[in-house]
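So this block is run36.cif, mmCIF, C-alpha atoms:
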```
data_target
loop_
_atom_site.label_atom_id
_atom_site.label_comp_id
_atom_site.auth_asym_id
_atom_site.auth_seq_id
_atom_site.Cartn_x
_atom_site.Cartn_y
_atom_site.Cartn_z
CA MET A 1 -12.12 7.18 -81.56
CA LYS A 2 -9.05 9.41 -81.77
CA THR A 3 -11.30 12.44 -81.87
CA LEU A 4 -13.16 11.19 -78.78
CA PHE A 5 -9.94 10.85 -76.76
CA ILE A 6 -8.87 14.35 -77.81
CA CYS A 7 -12.20 15.78 -76.60
CA ILE A 8 -11.95 13.97 -73.25
CA PHE A 9 -8.35 15.12 -72.77
CA SER A 10 -9.29 18.72 -73.56
CA LEU A 11 -12.18 18.56 -71.10
CA PHE A 12 -9.80 17.20 -68.41
CA LEU A 13 -7.40 20.10 -68.96
CA ALA A 14 -10.25 22.54 -68.61
CA LEU A 15 -11.14 21.24 -65.10
CA PRO A 16 -9.86 23.22 -62.06
CA THR A 17 -6.57 21.95 -60.73
CA VAL A 18 -6.92 19.95 -57.48
CA SER A 19 -3.96 19.73 -55.13
CA PHE A 20 -4.47 16.70 -52.88
CA GLY A 21 -3.35 17.13 -49.26
CA GLN A 22 -2.96 20.89 -49.63
CA GLN A 23 -3.77 22.69 -46.40
CA THR A 24 -5.63 25.96 -45.98
CA PRO A 25 -3.11 28.82 -45.83
CA ILE A 26 -2.40 29.97 -42.27
CA ASP A 27 -2.34 33.76 -42.13
CA LYS A 28 -3.05 34.38 -38.45
CA ILE A 29 -1.71 32.48 -35.42
CA PHE A 30 -3.10 33.03 -31.92
CA THR A 31 -0.95 32.06 -28.91
CA PHE A 32 -1.54 31.87 -25.17
CA LYS A 33 0.07 30.19 -22.16
CA ILE A 34 -0.91 27.51 -19.71
CA ASP A 35 1.95 28.07 -17.29
CA GLU A 36 0.29 27.72 -13.87
CA ASN A 37 -1.79 25.14 -11.99
CA ILE A 38 -4.89 23.90 -13.76
CA ASP A 39 -7.66 25.43 -11.64
CA PRO A 40 -10.87 27.47 -12.11
CA ALA A 41 -8.84 30.61 -12.88
CA MET A 42 -6.89 28.80 -15.63
CA ASN A 43 -10.14 27.30 -16.87
CA ARG A 44 -11.52 30.81 -17.30
CA ARG A 45 -8.31 32.06 -18.94
CA VAL A 46 -8.41 29.29 -21.56
CA LYS A 47 -12.10 29.91 -22.24
CA LEU A 48 -11.52 33.62 -22.79
CA ALA A 49 -8.41 32.97 -24.91
CA LEU A 50 -10.26 30.55 -27.21
CA GLU A 51 -13.13 33.00 -27.57
CA LYS A 52 -10.65 35.76 -28.41
CA ALA A 53 -8.93 33.55 -30.98
CA GLU A 54 -12.25 32.89 -32.65
CA SER A 55 -13.20 36.58 -32.67
CA GLU A 56 -9.82 37.37 -34.28
CA GLU A 57 -10.64 34.80 -37.01
CA SER A 58 -7.37 32.99 -36.31
CA ASP A 59 -6.30 30.10 -38.53
CA LEU A 60 -4.25 28.33 -35.86
CA ILE A 61 -3.92 28.37 -32.07
CA ILE A 62 -0.67 27.47 -30.31
CA ILE A 63 -0.66 26.83 -26.55
CA GLU A 64 2.64 27.22 -24.72
CA MET A 65 2.45 24.65 -21.93
CA ASP A 66 4.43 24.41 -18.70
CA THR A 67 2.43 22.96 -15.81
CA TYR A 68 2.57 20.15 -13.28
CA GLY A 69 -1.21 19.70 -13.45
CA GLY A 70 -4.08 20.59 -11.19
CA ALA A 71 -7.81 19.98 -10.76
CA VAL A 72 -9.23 17.11 -12.82
CA ASN A 73 -12.61 18.75 -13.41
CA ASP A 74 -11.02 21.92 -14.78
CA ALA A 75 -8.65 19.88 -16.95
CA ASP A 76 -11.69 18.06 -18.33
CA ASP A 77 -13.38 21.37 -19.15
CA ILE A 78 -10.26 22.62 -20.97
CA ARG A 79 -9.85 19.31 -22.80
CA THR A 80 -13.46 19.50 -23.99
CA MET A 81 -13.05 23.09 -25.20
CA ILE A 82 -9.96 22.08 -27.20
CA LEU A 83 -11.62 19.02 -28.73
CA GLU A 84 -14.63 21.09 -29.77
CA SER A 85 -12.58 23.97 -31.20
CA LYS A 86 -13.19 24.69 -34.87
CA ILE A 87 -9.69 26.13 -35.09
CA PRO A 88 -6.71 23.68 -35.19
CA ILE A 89 -4.76 23.76 -31.92
CA TYR A 90 -1.06 22.92 -31.43
CA VAL A 91 0.67 22.69 -28.06
CA PHE A 92 4.32 23.54 -27.39
CA ILE A 93 5.47 21.84 -24.16
CA ASN A 94 8.07 24.09 -22.59
CA LYS A 95 9.07 22.20 -20.37
CA ASP A 96 6.45 20.15 -18.50
CA ALA A 97 3.04 18.69 -19.27
CA ALA A 98 2.38 16.51 -16.25
CA SER A 99 -0.91 15.07 -15.00
CA ALA A 100 -3.74 17.38 -16.13
CA GLY A 101 -1.25 19.08 -18.47
CA ALA A 102 -0.72 15.76 -20.27
CA LEU A 103 -4.47 15.33 -20.77
CA ILE A 104 -4.79 18.81 -22.25
CA SER A 105 -1.76 18.28 -24.52
CA ILE A 106 -3.10 14.99 -25.89
CA ALA A 107 -6.34 16.78 -26.83
CA CYS A 108 -4.44 19.08 -29.20
CA ASP A 109 -4.02 18.37 -32.91
CA LYS A 110 -0.23 18.41 -32.74
CA ILE A 111 2.26 18.22 -29.87
CA PHE A 112 5.70 19.83 -29.98
CA MET A 113 8.28 19.80 -27.20
CA ALA A 114 11.27 21.84 -26.08
CA PRO A 115 14.59 20.10 -25.28
CA GLY A 116 14.39 18.56 -21.81
CA GLY A 117 10.61 18.54 -21.85
CA SER A 118 8.38 15.74 -20.57
CA ILE A 119 4.79 14.55 -20.83
CA GLY A 120 2.87 12.04 -18.70
CA ALA A 121 2.56 11.05 -15.02
CA ALA A 122 -1.20 11.64 -15.03
CA THR A 123 -2.09 9.74 -11.86
CA VAL A 124 -4.74 11.59 -9.87
CA VAL A 125 -3.51 12.64 -6.41
CA ASN A 126 -5.23 14.35 -3.49
CA GLY A 127 -4.41 17.88 -2.39
CA THR A 128 -3.25 17.06 1.14
CA ASP A 129 -0.21 14.79 0.92
CA GLY A 130 0.06 14.01 -2.79
CA ALA A 131 -1.02 10.38 -2.33
CA ALA A 132 -2.92 8.60 -5.10
CA ALA A 133 -6.65 9.34 -5.01
CA PRO A 134 -9.25 6.51 -4.75
CA ASP A 135 -9.75 4.29 -7.79
CA LYS A 136 -12.98 6.00 -8.86
CA TYR A 137 -10.93 9.12 -9.70
CA GLN A 138 -8.21 7.05 -11.42
CA SER A 139 -10.84 5.26 -13.49
CA TYR A 140 -12.33 8.57 -14.60
CA MET A 141 -8.90 9.91 -15.58
CA ARG A 142 -8.00 6.69 -17.46
CA SER A 143 -11.23 6.95 -19.41
CA MET A 144 -10.55 10.59 -20.37
CA MET A 145 -6.95 9.88 -21.39
CA ARG A 146 -7.99 6.86 -23.46
CA SER A 147 -10.87 8.56 -25.29
CA THR A 148 -8.84 11.74 -25.90
CA ALA A 149 -5.93 9.76 -27.40
CA GLU A 150 -8.34 7.84 -29.63
CA ALA A 151 -9.92 11.09 -30.84
CA LYS A 152 -6.50 12.41 -31.92
CA GLY A 153 -5.13 9.16 -33.39
CA ARG A 154 -2.69 8.43 -30.57
CA ASP A 155 -2.19 5.11 -28.81
CA PRO A 156 -4.95 4.92 -26.14
CA LYS A 157 -3.16 2.17 -24.23
CA ILE A 158 -0.08 4.36 -23.73
CA ALA A 159 -2.27 7.28 -22.67
CA GLU A 160 -4.01 5.05 -20.14
CA ALA A 161 -0.64 3.81 -18.82
CA MET A 162 0.25 7.43 -18.03
CA VAL A 163 -2.41 7.17 -15.31
CA ASP A 164 -2.36 3.55 -14.13
CA GLU A 165 0.88 2.08 -12.81
CA ASN A 166 -0.57 -1.42 -13.11
CA ILE A 167 -0.72 -1.26 -16.91
CA GLU A 168 2.38 -2.79 -18.46
CA ILE A 169 3.30 -2.14 -22.09
CA GLU A 170 6.08 -4.27 -23.47
CA GLY A 171 9.16 -2.29 -24.37
CA ILE A 172 7.74 0.93 -22.95
CA SER A 173 6.77 0.55 -19.29
CA GLU A 174 6.87 -1.95 -16.48
CA ALA A 175 4.23 -2.65 -13.87
CA GLY A 176 4.60 -0.37 -10.87
CA SER A 177 5.39 2.86 -12.70
CA VAL A 178 3.36 5.25 -14.83
CA ILE A 179 4.63 6.47 -18.18
CA THR A 180 6.43 9.77 -18.45
CA PHE A 181 7.96 10.39 -21.88
CA SER A 182 11.06 12.41 -22.64
CA VAL A 183 11.18 14.34 -25.93
CA SER A 184 12.70 11.49 -27.96
CA GLU A 185 10.41 8.88 -26.41
CA ALA A 186 7.31 10.97 -27.00
CA GLU A 187 8.28 11.44 -30.65
CA LYS A 188 9.05 7.72 -31.04
CA TYR A 189 5.64 6.62 -29.76
CA GLY A 190 3.52 9.26 -31.46
CA PHE A 191 3.05 11.69 -28.57
CA SER A 192 5.20 14.43 -30.08
CA ASP A 193 5.42 15.82 -33.60
CA GLY A 194 8.81 17.47 -33.24
CA GLU A 195 11.37 19.23 -31.06
CA TYR A 196 12.01 22.97 -31.10
CA ASP A 197 14.01 25.30 -28.88
CA SER A 198 11.32 27.96 -28.64
CA LEU A 199 7.92 29.02 -29.87
CA ASP A 200 9.56 31.15 -32.55
CA ASP A 201 11.59 28.15 -33.74
CA LEU A 202 8.40 26.12 -33.89
CA ILE A 203 6.68 28.74 -36.06
CA GLN A 204 9.65 28.91 -38.41
CA GLY A 205 10.15 25.14 -38.46
CA GLN A 206 6.52 24.59 -39.44
CA GLU A 207 6.91 27.18 -42.24
CA LEU A 208 4.48 29.57 -40.58
CA SER A 209 6.80 32.58 -40.34
CA ASN A 210 4.69 34.60 -42.81
CA ALA A 211 1.65 34.41 -40.56
CA LYS A 212 0.70 37.20 -38.18
CA VAL A 213 1.19 36.12 -34.54
CA ILE A 214 -1.28 37.43 -31.93
CA ALA A 215 -0.35 36.84 -28.27
CA TYR A 216 -3.25 36.71 -25.84
CA GLU A 217 -3.25 39.46 -23.22
CA THR A 218 -5.71 39.84 -20.37
CA ASP A 219 -7.93 42.90 -20.67
CA VAL A 220 -8.46 45.55 -18.00
CA VAL A 221 -11.45 43.75 -16.49
CA GLU A 222 -9.45 40.54 -16.03
CA GLN A 223 -6.58 42.49 -14.50
CA ILE A 224 -8.98 44.08 -12.02
CA ILE A 225 -10.42 40.64 -11.19
CA GLY A 226 -6.89 39.33 -10.66
CA PHE A 227 -6.17 42.27 -8.33
CA PHE A 228 -9.16 41.47 -6.12
CA LEU A 229 -8.16 37.79 -5.99
CA ASN A 230 -4.99 38.78 -4.15
CA PRO A 231 -5.22 37.39 -0.58
CA ALA A 232 -4.13 40.73 0.89
CA VAL A 233 -6.95 42.55 -0.93
CA SER A 234 -9.43 39.83 0.03
CA GLY A 235 -8.37 40.23 3.66
CA PHE A 236 -8.92 43.99 3.51
CA LEU A 237 -12.41 43.47 2.04
CA ILE A 238 -13.25 41.00 4.81
CA LEU A 239 -12.20 43.63 7.33
CA ILE A 240 -14.63 46.12 5.76
CA ILE A 241 -17.41 43.50 5.59
CA ILE A 242 -17.20 42.59 9.27
CA GLY A 243 -16.58 46.16 10.44
CA GLY A 244 -19.48 47.49 8.39
CA ILE A 245 -21.87 44.87 9.78
CA TYR A 246 -20.83 45.69 13.34
CA PHE A 247 -21.24 49.46 12.99
CA GLU A 248 -24.61 49.01 11.29
CA LEU A 249 -25.82 46.83 14.15
CA GLN A 250 -24.66 49.51 16.57
CA THR A 251 -26.64 52.20 14.73
CA PRO A 252 -29.54 50.43 12.95
CA GLY A 253 -30.76 51.93 9.69
CA ILE A 254 -29.42 52.00 6.15
CA GLY A 255 -26.30 54.12 6.35
CA PHE A 256 -22.68 54.34 5.37
CA PRO A 257 -21.44 51.26 7.33
CA ILE A 258 -23.85 48.81 5.73
CA LEU A 259 -23.32 50.39 2.30
CA ALA A 260 -19.55 49.94 2.63
CA SER A 261 -20.11 46.35 3.77
CA ILE A 262 -22.39 45.56 0.80
CA ILE A 263 -19.87 47.01 -1.68
CA ALA A 264 -17.09 44.99 -0.04
CA VAL A 265 -19.19 41.79 -0.28
CA ILE A 266 -19.74 42.39 -4.00
CA LEU A 267 -16.05 43.11 -4.62
CA TYR A 268 -15.10 40.04 -2.58
CA PHE A 269 -17.37 37.40 -4.10
CA THR A 270 -17.62 38.59 -7.73
CA PRO A 271 -14.00 37.79 -8.77
CA TYR A 272 -14.13 34.36 -7.09
CA TYR A 273 -17.53 33.67 -8.68
CA LEU A 274 -16.34 34.60 -12.17
CA ASN A 275 -13.31 32.34 -11.75
CA GLY A 276 -15.49 29.41 -10.74
CA LEU A 277 -14.31 29.35 -7.12
CA ALA A 278 -17.34 30.76 -5.31
CA GLU A 279 -20.46 28.70 -5.97
CA ASN A 280 -24.04 29.86 -5.52
CA TRP A 281 -24.50 27.76 -2.39
CA GLU A 282 -21.39 29.27 -0.78
CA ILE A 283 -22.78 32.77 -1.25
CA ILE A 284 -26.11 31.55 0.17
CA VAL A 285 -24.26 30.24 3.25
CA PHE A 286 -22.76 33.72 3.79
CA VAL A 287 -26.15 35.46 3.38
CA ALA A 288 -27.75 32.91 5.72
CA GLY A 289 -25.11 33.80 8.31
CA ILE A 290 -26.08 37.48 8.11
CA ILE A 291 -29.76 36.60 8.55
CA LEU A 292 -29.09 34.32 11.51
CA LEU A 293 -26.96 36.98 13.20
CA ALA A 294 -29.67 39.61 12.66
CA ILE A 295 -32.29 37.26 14.18
CA GLU A 296 -30.08 36.75 17.20
CA LEU A 297 -29.52 40.47 17.72
CA PHE A 298 -32.97 41.87 16.98
CA VAL A 299 -35.46 39.07 17.67
CA ILE A 300 -34.07 36.63 20.23
CA PRO A 301 -32.66 38.12 23.47
CA GLY A 302 -29.22 37.05 24.61
CA PHE A 303 -26.54 35.45 22.48
CA GLY A 304 -27.03 31.77 21.72
CA ILE A 305 -27.25 29.22 18.95
CA PHE A 306 -28.42 31.65 16.23
CA GLY A 307 -25.54 33.98 16.92
CA VAL A 308 -22.96 31.19 16.88
CA LEU A 309 -24.43 29.70 13.69
CA GLY A 310 -24.56 33.14 12.08
CA ILE A 311 -20.90 33.92 12.74
CA THR A 312 -19.92 30.38 11.65
CA CYS A 313 -21.83 30.68 8.37
CA ILE A 314 -20.36 34.11 7.63
CA LEU A 315 -16.80 32.90 8.14
CA ALA A 316 -17.49 29.61 6.31
CA GLY A 317 -18.93 31.45 3.31
CA LEU A 318 -15.87 33.71 3.12
CA VAL A 319 -13.44 30.76 3.34
CA LEU A 320 -15.29 28.43 0.96
CA GLY A 321 -15.63 31.20 -1.61
CA MET A 322 -11.84 31.25 -1.98
CA LEU A 323 -11.46 27.49 -2.55
CA PRO A 324 -12.18 25.26 -5.59
CA ASN A 325 -13.96 22.59 -3.53
CA GLN A 326 -16.62 20.40 -5.07
CA ASN A 327 -19.71 20.42 -2.83
CA PHE A 328 -17.63 20.56 0.33
CA ASP A 329 -15.22 17.92 -1.01
CA PHE A 330 -11.67 19.10 -0.26
CA GLU A 331 -10.02 15.96 -1.69
CA PHE A 332 -8.20 17.90 -4.40
CA VAL A 333 -7.80 21.25 -2.67
CA PRO A 334 -4.08 21.78 -1.98
CA ALA A 335 -3.38 22.00 1.73
CA ALA A 336 -1.46 25.24 1.17
CA ASP A 337 -4.53 26.86 -0.46
CA LEU A 338 -6.81 25.71 2.35
CA PHE A 339 -4.41 27.05 4.98
CA ALA A 340 -4.01 30.37 3.14
CA ALA A 341 -7.80 30.83 2.90
CA LEU A 342 -8.36 30.06 6.59
CA LEU A 343 -5.48 32.29 7.65
CA THR A 344 -6.69 35.19 5.48
CA VAL A 345 -10.24 35.09 6.87
CA ILE A 346 -9.25 34.54 10.52
CA LEU A 347 -6.59 37.27 10.56
CA ALA A 348 -8.92 39.70 8.77
CA ALA A 349 -11.71 38.94 11.27
CA ILE A 350 -9.39 39.47 14.25
CA ALA A 351 -8.06 42.71 12.74
CA SER A 352 -11.61 43.90 12.10
CA VAL A 353 -12.71 43.28 15.69
CA ALA A 354 -9.60 45.02 17.02
CA LEU A 355 -10.13 47.97 14.68
CA VAL A 356 -13.78 48.27 15.72
CA PHE A 357 -12.93 48.51 19.43
CA TRP A 358 -10.13 50.97 18.73
CA LEU A 359 -12.13 53.09 16.31
CA THR A 360 -15.52 53.31 18.01
CA PRO A 361 -14.62 55.90 20.69
CA LYS A 362 -12.64 57.99 18.17
CA VAL A 363 -15.27 58.34 15.44
CA ASN A 364 -17.02 61.33 16.97
CA GLU A 365 -13.71 63.16 17.24
CA TRP A 366 -13.18 63.22 13.48
CA LYS A 367 -14.00 66.53 11.86
CA ALA A 368 -14.96 64.82 8.62
CA PHE A 369 -17.42 62.60 10.49
CA SER A 370 -18.87 65.41 12.59
CA ALA A 371 -19.63 67.32 9.40
CA ILE A 372 -22.24 64.71 8.42
CA THR A 373 -23.46 63.70 11.89
CA LEU A 374 -24.63 65.41 15.06
CA ALA A 375 -21.54 64.32 16.96
CA GLY A 376 -21.28 67.41 19.13
CA THR A 377 -22.98 68.15 22.45
CA GLN A 378 -25.31 71.13 22.82
CA GLN A 379 -24.44 72.52 26.25
CA ARG A 380 -26.98 74.10 28.63
CA GLN A 381 -24.66 77.05 29.27
CA ASP A 382 -24.83 77.85 25.55
CA GLY A 383 -28.59 78.26 25.74
CA TYR A 384 -29.62 74.74 24.63
CA THR A 385 -32.22 72.97 26.73
CA SER A 386 -34.14 69.71 26.51
CA SER A 387 -37.65 69.28 27.90
CA PHE A 388 -37.91 65.56 27.27
CA TYR A 389 -36.75 64.42 30.70
CA SER A 390 -36.36 65.97 34.09
CA ASN A 391 -32.86 66.51 35.36
CA ASP A 392 -33.97 64.67 38.49
CA LEU A 393 -33.51 61.37 36.64
CA LEU A 394 -29.74 61.91 36.52
CA GLY A 395 -28.06 59.30 38.71
CA LYS A 396 -31.24 57.26 39.15
CA MET A 397 -30.98 53.46 39.01
CA GLY A 398 -33.29 51.12 37.16
CA THR A 399 -33.43 47.93 35.08
CA VAL A 400 -33.38 47.14 31.37
CA HIS A 401 -36.98 46.69 30.20
CA SER A 402 -36.19 45.71 26.58
CA ARG A 403 -32.68 44.80 25.50
CA LEU A 404 -30.35 47.72 24.72
CA ARG A 405 -28.63 47.13 21.33
CA PRO A 406 -27.43 49.82 22.22
CA SER A 407 -30.87 51.50 22.10
CA GLY A 408 -33.95 50.19 23.87
CA ARG A 409 -36.05 50.89 26.96
CA VAL A 410 -35.39 50.99 30.69
CA GLU A 411 -37.67 50.95 33.72
CA ILE A 412 -37.04 53.49 36.51
CA GLU A 413 -39.30 53.65 39.55
CA GLY A 414 -42.13 51.90 37.68
CA GLU A 415 -41.95 54.12 34.58
CA ILE A 416 -40.65 53.15 31.11
CA PHE A 417 -38.16 55.43 29.31
CA ASP A 418 -36.37 55.32 25.96
CA ALA A 419 -32.65 54.89 26.59
CA SER A 420 -29.35 54.00 24.97
CA SER A 421 -26.08 52.70 26.32
CA ARG A 422 -22.59 53.87 25.43
CA GLY A 423 -22.28 51.14 22.79
CA GLU A 424 -22.53 48.08 25.03
CA PHE A 425 -25.34 45.55 24.70
CA LEU A 426 -27.38 45.11 27.90
CA ASP A 427 -29.84 42.25 28.41
CA LYS A 428 -33.31 42.55 29.91
CA GLY A 429 -33.25 42.70 33.70
CA GLU A 430 -29.73 44.09 34.07
CA GLN A 431 -29.32 47.05 36.44
CA ILE A 432 -28.47 50.45 34.94
CA ILE A 433 -27.74 53.97 36.12
CA VAL A 434 -28.67 57.17 34.27
CA ILE A 435 -25.61 59.20 33.25
CA SER A 436 -27.28 61.85 31.07
CA THR A 437 -30.82 63.23 30.51
CA GLU A 438 -30.07 65.35 27.48
CA GLY A 439 -31.51 64.52 24.08
CA THR A 440 -34.50 62.43 23.12
CA SER A 441 -33.50 59.42 25.20
CA LEU A 442 -31.73 58.77 28.47
CA LYS A 443 -28.08 57.81 28.41
CA VAL A 444 -27.37 54.91 30.73
CA LYS A 445 -24.62 52.48 31.62
CA LYS A 446 -24.49 49.17 33.44
CA TYR A 447 -24.60 49.64 37.20
CA GLU A 448 -21.63 48.08 38.89
CA PRO A 449 -21.73 48.35 42.75
#
```

Please rewrite the model in this file as structure tokens.
Amino acid sequence: MKTLFICIFSLFLALPTVSFGQQTPIDKIFTFKIDENIDPAMNRRVKLALEKAESEESDLIIIEMDTYGGAVNDADDIRTMILESKIPIYVFINKDAASAGALISIACDKIFMAPGGSIGAATVVNGTDGAAAPDKYQSYMRSMMRSTAEAKGRDPKIAEAMVDENIEIEGISEAGSVITFSVSEAEKYGFSDGEYDSLDDLIQGQELSNAKVIAYETDVVEQIIGFFLNPAVSGFLILIIIGGIYFELQTPGIGFPILASIIAVILYFTPYYLNGLAENWEIIVFVAGIILLAIELFVIPGFGIFGVLGITCILAGLVLGMLPNQNFDFEFVPAADLFAALLTVILAAIASVALVFWLTPKVNEWKAFSAITLAGTQQRQDGYTSSFYSNDLLGKMGTVHSRLRPSGRVEIEGEIFDASSRGEFLDKGEQIIVISTEGTSLKVKKYEP
């Protein structure tokens, strides 16, 4: 028997040593910030940051949080990405994690807070006056807060009371007010794992100072996207879009104006599309506007319903592409963002129209432009002649046979002639007078007695 115990003991000593509760060593820490409104742009930033952390084979991710909240749908996307992350995620609240920020924080494995920090007040409000949104939105937010807290071992009832003012928790909150925890309160009720002055203090306090810290930085592509999201740049692109369309309609055919307009459209919509602002249907609305306007100008005479709808769709597509609306629902779009988008598009459109009228008569005077176009006039005294039309037609009056846009046909003394105006659109039946017979078509203008 003694020999048997000795054999068993020896075998036990030969087994590998197991250290219960020992964590995997953390050699690489990845950090990034959520320090602005929770919106499609922040949604994209978090997605890219988490992908970068995974590609760097990080052992831990720390989010530095300071936000008053934002869009519920984007907060839900971020929450889901955090819950599904294979890498442990801590959050350092410095100083605020309100509303959507609270939801995201609760989804993290550990929560740390800076002195004076707070977490809570997750009631859903609309974007116009900050009033509480309808109960269907509150119910959705309560459900997310509750399930997220349960997933991370935190009290789901407290999480739900951060949304609903009607939930009363004895010793913590009274009916009529939602929960917002200070640092000490959050730590007391399990919604904070410690207090630190800074991110560096957190790393040292958690005995992670030997780990390599990688701070997320946006790459060149993201910086370029951010540049084109600037309202001033967007306004300039709108100016090019509208101006290019106008000049192309004045001189039909694939040329420089329409090319510039197409490039501007791509540069305008691509950044908003990548950031989740411009949806497919909003781009379709813009394209539909172009088609309707073209039908009005080239198929249907006059300017009526198609033209009005076309211009409306073009402007609507440009405005909607800048806003995080959900299928034309502006409930959670901040009034300031809506006003800024409308102002940007309207001012750019007005500036474009003004520039077009100012620029049109000056284009032919530019040396750079005349180098690529036949902007000059070949004078008869220099030996140039044209045998297309008799000089007797000069000064003759007639009527527009097919609409001048600005090119078309006119009828003079029963005969049909190719003609073009000086840039103005003339409808069928309007009286004209011939002002030049040189070139391949007559030059006419509207006759005004």

Query raised in the report: From the list A:Tyr273, A:Phe30, A:Phe339, A:Tyr68, which residue is nearest Ala121 of chain A when using only C-alpha atoms?
Result: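 Closest to Ala121 of chain A of all the choices is A:Tyr68.
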
**Report entry** Ground truth for the PyMOL selection byres ((chain A and resi 139-153) around 7), written as an MDAnalysis selection string
**Finding:** chainID A and resid 103 106:107 109 135:138 154:157 159:160 163

Report task. Identify the residues within 10 Å of coordinate (-10.5, 29.0, -24.5) (same frame as the file), considering only C-alpha atoms, and give the answer as an NGL selection string. Result -> :A and (32 or 42-54 or 77-82 or 85)

Requested in this report: Could you list the residues chosen by the PyMOL selection byres ((chain A and resi 40) around 8) in this structure as JSON, numbers by chain?
Outcome: {"A": [38, 39, 41, 42, 43, 44, 74, 275, 276, 277, 324]}

Produce a file of the selected residues containing C-alpha atoms, as a compact mmCIF listing (two decimals), in the coordinates of the input.
```
# COMPACT_ATOMS: atom_id res chain seq x y z
CA ILE A 38 -4.89 23.90 -13.76
CA ASP A 39 -7.66 25.43 -11.64
CA ALA A 41 -8.84 30.61 -12.88
CA MET A 42 -6.89 28.80 -15.63
CA ASN A 43 -10.14 27.30 -16.87
CA ARG A 44 -11.52 30.81 -17.30
CA ASP A 74 -11.02 21.92 -14.78
CA ASN A 275 -13.31 32.34 -11.75
CA GLY A 276 -15.49 29.41 -10.74
CA LEU A 277 -14.31 29.35 -7.12
CA PRO A 324 -12.18 25.26 -5.59
```

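Going from atom CA of Leu292 of chain A to atom CA of Gly310 of chain A covers 4.7 Å.
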
Report task. Write out as an MDAnalysis selection string each polymer residue whose atoms come within 6 Å of segment 403-414 of chain A, counting only C-alpha atoms; drop sequence neighbours fewer than 5 positions from it. Result -> chainID A and resid 398 419:421 423:428

Report task. With a distance cut-off of 12 Å and all atoms listed in the file, select the neighbouring residues of Gly101 of chain A, excluding the residue or stretch itself and same-chain residues fewer than 5 positions from it, and output the selection as a PyMOL selection string. Result -> chain A and resi 33-39+42+63-72+74-76+78-79+91-96+106-108+111+118-124+145+162

Hey, can I get the axis-aligned box for segment 267-277 of chain A? All listed atoms, 3 Å padding on each side, centre and edge lengths in Å to one decimal, as AutoDock Vina command-line options.
```
--center_x -15.5 --center_y 36.2 --center_z -7.4 --size_x 10.3 --size_y 19.8 --size_z 15.6
```

Report summary line: Nearest to Glu248 of chain A, restricted to only C-alpha atoms and choosing among A:Ile435, A:Ile262, A:Asp59, A:Lys188, comes out as A:Ile262

Query raised in the report: Restricting the calculation to all atoms listed in the file, which member of A:Asp164, A:Asp392, A:Asn230, A:Gln206 is positioned closest to Glu438 of chain A?
Result: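 The answer is A:Asp392, which sits nearest to Glu438 of chain A.
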
Requested in this report: Work out how far atom CA of Ala335 of chain A is from atom CA of Leu347 of chain A, in Å to one decimal.
Outcome: 17.9 Å

Query raised in the report: If we count all atoms listed in the file, what is near Ala340 of chain A at a cut-off of 12 Å, once residues fewer than 2 positions away on the same chain are taken out, given as JSON, numbers by chain?
Result: {"A": [230, 231, 232, 234, 235, 319, 320, 322, 323, 333, 334, 335, 336, 337, 338, 342, 343, 344, 345, 346, 347, 348]}

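Put simply, atom CA of Ser209 of chain A is 11.9 Å away from atom CA of Pro25 of chain A.
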
Query raised in the report: What does the PyMOL selection byres ((chain A and resi 184) around 10) select in this file, as a PyMOL selection string?
Result: chain A and resi 113+115-118+181-183+185-189+191-192+194-195
